[in-house]
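Engineer: Please find one structure pasted underneath; my questions will follow.
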Amino acid sequence: MEPLKNGKDGAPARKVHIKTYGCQMNVYDSERMEALLRPIGYAPTAEPEDADLVILNTCHIREKAAEKVYSELGRLRRVKEARGGRGANRMMLGVAGCVAQAEGAEIAARAPFVDLVFGPQTFHRLPEMIARAHREDGLVLETEFEADAKFDALSEMTLEAPKESPGGGAVTAFLTIQEGCDKFCTFCVVPYTRGAETSRPARQIEAEARKLAAAGVRELTLLGQNVNAYADPEGGATGLGGLLRRLALIDGLERLRFTTSHPRDMDDDLIAAFADEPKLMPYLHLPVQSGSDRMLKAMNRGHDASSYVALVERVRRARPDLALSGDFIVGFPGETEADFEATLELVRNVEYASSFSFKYSPRPGTPAAALQQVDEEAKAERLAKLQELLGRQKDDFNAGQVGRVAPVLFEGPGRQAGQLIGRSPYLQSVHVEAPAHRVGRIAPVRILSAGPNSLAGELADQGAAA
């Protein structure tokens with residue numbers, strides 16, 4: 001597709017607005033879509049009303065995700081009709097991501113005013129799709145699985161400095177290294193929307209990581225639906241542990257993280273990396289979903305509660321200061337009070353620094369959707385009880401940091417004048433009075449207090465105001 005000509009003032013000829021739903025991988029994909037569109041004349045805008053192209057990058061994990069997308073499309077239809085125009089001059093609407101992958105034909109039927117529907121494996125062809133939509137003046141539907149082609153396209157992309165983080169500084173970034181999942185948990189749509197587990201070559205990952213470090217990124221989070229299933233298809237790094245060691249050699253990168261992990265893929269080498277590699281942060285998100293062996297079997301998790309607890313103990317022996325995060329589902333079909341109590345008992349035994357917990361909701365096409373469902377009132381009561389326990393554990397962990405000195409990576413200005421905000425090794429938000437030039441640097445911070453969502457501290461090094 002030929003680049004669009006710029007306006008008289010040199011500004012890009014067109015504007016794009018991308019609304020991102022769901023996981024960090026979608027955030028990464030949205031940023032790469034913007035990068036793909038920039039060379040053909042599209043600049044990002046925060047307002048969909050100002051955009052020539054609006055893309056909803058969707059997630060199918062949350063309850064009623066598709067209906068939320070249709071609701072937003074209804075609003076955007078009115079914006080599109082008010083804008084008017086035909087052919088290449090019309091406002092274009094696109095639906096990307098997992099809802100597009102799972103329900104592409106239904107989107108075409110229910111929202112015929114949409115111009116583009118494409119899955120997460122095909123966004124690298126976005127310029128070509130836009131050209132086709134303009135040329136044919138009709139819907140372009142692309143939902144094939146082609147992760148390898150996507151990864152190849154990403155490796156050829158010229159990266160600019162990453163977008164600013166919520167804290168205000170471009171010092172942290174995401175990097176997708178793996179997509180898809182072969183585990184087929186009975187509650188999950190990911191194998192159907194993202195396909196089989198596919199890993200990106202380590203040389204491509206390293207090249208992108210070096211570009212990000214050169215642009216000022218100091219902390220890199222490696223992403224994958226099942227990130228610790230990573231295996232270099234070219235054999236350069238045998239798994240995630242080897243990849244982390246390779247990336248740790250890059251000058252400028254000071255911190256490494258990864259998410260999301262599956263207990264079945266926590267191998268010895270990755271556990272050893274927590275002990276051996278100081279750049280790997282002492283934070284692990286390791287979903288368990290339930291503490292009941294009966295529910296874990298029904299979920300097809302491939303592990304039981306005791307093996308999960310033993311795995312956590314192994315990682316904590318390797319990294320005694322580890323902060324653990326987890327995912328939990330209450331009210332899975334067939335769950336009894338005894339099953340739920342087993343989950344509470346596991347939480348009491350393991351202790352979590354942070355967590356994500358949800359009521360089970362059926363996902364069309366998944367095996368669990370056809371099973372007898374638990375009463376909604378029981379789900380709500382169980383979720384409240386679980387979240388109260390998990391909330392206490394989080395508060396206790398945060399309170400335990402008070403009085404300690406922690407290395408904090410400052411990301412940008414805080415809400416108050418003269419304040420900076422950053423992250424501790426445990427991914428906690430920390431706000432500190434500090435000069436602006438500290439952004440992008442790691443500094444020792446004495447933690448003074450712990451709130452529900454952040455910590456407060458003071459610089460602990462000499463010459464703090466310099």
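By order in the structure tokens, chains are A, B, ...; within a chain, residues start at 1; ligands start at 1, following the order shown.
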Determine which residues of stretch 45-285 of chain A receive a DSSP assignment of alpha helix (DSSP H), computed from the backbone, and state them as a PyMOL selection string.
Structural biologist: chain A and resi 65-83+97-110+126-136+147-156+190-193+202-214+240-247+268-276
Engineer: Create the file for the chosen residues now, containing C-alpha atoms and written as a CSV table (one decimal), in the first residue's frame.
Structural biologist:
chain,number,residue,atom,x,y,z
A,65,ALA,CA,-16.8,-9.5,26.5
A,66,ALA,CA,-18.4,-9.8,23.1
A,67,GLU,CA,-21.5,-7.8,24.2
A,68,LYS,CA,-19.3,-5.0,25.4
A,69,VAL,CA,-17.7,-4.9,22.0
A,70,TYR,CA,-21.1,-4.7,20.2
A,71,SER,CA,-22.2,-1.9,22.5
A,72,GLU,CA,-19.1,0.1,21.7
A,73,LEU,CA,-19.6,-0.6,18.0
A,74,GLY,CA,-23.1,0.7,18.2
A,75,ARG,CA,-21.8,4.0,19.6
A,76,LEU,CA,-19.1,4.2,17.0
A,77,ARG,CA,-21.6,3.5,14.2
A,78,ARG,CA,-23.3,6.8,15.1
A,79,VAL,CA,-20.0,8.6,15.0
A,80,LYS,CA,-19.2,7.0,11.6
A,81,GLU,CA,-22.6,8.0,10.1
A,82,ALA,CA,-22.3,11.5,11.5
A,83,ARG,CA,-18.9,11.9,9.8
A,97,GLY,CA,-8.1,-9.5,18.9
A,98,CYS,CA,-9.7,-12.6,20.4
A,99,VAL,CA,-13.4,-11.6,20.0
A,100,ALA,CA,-12.7,-11.0,16.3
A,101,GLN,CA,-11.0,-14.4,16.1
A,102,ALA,CA,-13.8,-16.3,17.8
A,103,GLU,CA,-16.8,-14.5,16.4
A,104,GLY,CA,-15.7,-13.0,13.1
A,105,ALA,CA,-18.7,-14.2,11.1
A,106,GLU,CA,-21.1,-13.1,13.8
A,107,ILE,CA,-19.5,-9.6,13.9
A,108,ALA,CA,-19.9,-9.4,10.1
A,109,ALA,CA,-23.6,-10.3,10.4
A,110,ARG,CA,-24.5,-8.2,13.5
A,126,LEU,CA,-3.1,-4.4,8.6
A,127,PRO,CA,-1.8,-2.0,5.9
A,128,GLU,CA,-2.7,-4.6,3.2
A,129,MET,CA,-6.2,-5.1,4.8
A,130,ILE,CA,-6.8,-1.3,4.9
A,131,ALA,CA,-5.9,-1.0,1.2
A,132,ARG,CA,-8.3,-3.9,0.4
A,133,ALA,CA,-11.1,-2.3,2.4
A,134,HIS,CA,-10.7,1.0,0.6
A,135,ARG,CA,-10.4,-0.7,-2.8
A,136,GLU,CA,-13.4,-3.1,-2.4
A,147,ALA,CA,1.9,-16.8,14.4
A,148,ASP,CA,5.2,-17.5,12.7
A,149,ALA,CA,4.4,-14.9,9.9
A,150,LYS,CA,3.4,-12.4,12.6
A,151,PHE,CA,6.7,-13.0,14.5
A,152,ASP,CA,8.7,-12.5,11.3
A,153,ALA,CA,6.9,-9.2,10.6
A,154,LEU,CA,7.6,-8.0,14.1
A,155,SER,CA,11.3,-8.7,13.7
A,156,GLU,CA,11.4,-6.5,10.7
A,190,VAL,CA,-7.2,-19.1,24.5
A,191,PRO,CA,-6.4,-22.3,22.5
A,192,TYR,CA,-9.3,-21.5,20.2
A,193,THR,CA,-8.5,-17.8,19.8
A,202,ALA,CA,15.5,-15.8,20.5
A,203,ARG,CA,17.6,-13.8,18.0
A,204,GLN,CA,14.4,-11.8,17.1
A,205,ILE,CA,13.6,-11.3,20.8
A,206,GLU,CA,17.2,-10.1,21.6
A,207,ALA,CA,17.2,-7.7,18.6
A,208,GLU,CA,14.0,-6.1,19.7
A,209,ALA,CA,15.1,-6.0,23.3
A,210,ARG,CA,18.3,-4.2,22.3
A,211,LYS,CA,16.3,-1.6,20.3
A,212,LEU,CA,14.1,-1.0,23.4
A,213,ALA,CA,17.1,-0.7,25.7
A,214,ALA,CA,18.7,1.8,23.2
A,240,LEU,CA,12.7,-19.3,29.2
A,241,GLY,CA,15.5,-19.6,31.7
A,242,GLY,CA,18.2,-19.5,29.0
A,243,LEU,CA,16.4,-16.6,27.2
A,244,LEU,CA,16.4,-14.6,30.4
A,245,ARG,CA,20.1,-15.1,30.9
A,246,ARG,CA,20.7,-14.0,27.3
A,247,LEU,CA,18.7,-10.8,27.7
A,268,ASP,CA,14.5,-26.6,36.8
A,269,ASP,CA,16.4,-24.1,34.7
A,270,LEU,CA,13.8,-21.4,35.1
A,271,ILE,CA,13.7,-21.9,38.8
A,272,ALA,CA,17.5,-21.7,38.9
A,273,ALA,CA,17.4,-18.4,37.0
A,274,PHE,CA,15.6,-16.9,40.0
A,275,ALA,CA,18.6,-17.8,42.2
A,276,ASP,CA,21.3,-17.0,39.7
Engineer: Just the strand (DSSP E or B) stuff from stretch 143-357 of chain A, please, per backbone DSSP, written as number ranges by chain.
Structural biologist: A: 172-176, 178-179, 198-199, 219-223, 255-259, 280, 283-285, 289, 323-330, 354-357
Engineer: With only C-alpha atoms as the basis for distance, which of A:Gly252, A:Gly403, A:Gly180, A:Gly302 is at the shortest distance from A:Leu223?
Structural biologist: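 When distances to A:Leu223 are compared using only C-alpha atoms, the smallest one comes from A:Gly180.
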Engineer: Determine, counting only C-alpha atoms, which protein, DNA and RNA residues have an atom within 10 Å of an atom of A:Asn57; residues of the same chain fewer than 6 positions away are not included. Present the result as number ranges by chain.
Structural biologist: A: 18-22, 26-27, 29-30, 33, 69, 94-100, 118-120
Engineer: For A:Gly391, find every residue with an atom within 12 Å (counting only C-alpha atoms), except residues of its own chain fewer than 6 positions away, and show them as a list of chain:residue names.
Structural biologist: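 Skipping anything fewer than 6 positions along the chain leaves A:Ser325, A:Val347, A:Arg348, A:Glu351, A:Tyr352, A:Ala353, A:Ser354, A:Ser355, A:Phe356, A:Ser357, A:Leu383, A:Ala384, A:Lys385, A:Phe397, A:Asn398, A:Pro452, A:Asn453.
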Engineer: Just to confirm, what's the straight-line distance from atom CA of A:Ile442 to atom CA of A:His285 in Å (one decimal)?
Structural biologist: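 Computed distance, atom CA of A:Ile442 to atom CA of A:His285, equals 22.8 Å.
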Engineer: Give me the residues near A:Glu345 as an MDAnalysis selection string, where near means some atom within 12 Å (using only C-alpha atoms) and where sequence neighbours in that chain fewer than 2 positions away do not count.
Structural biologist: chainID A and resid 290:292 305:306 309 338:343 347:351 386 389:390
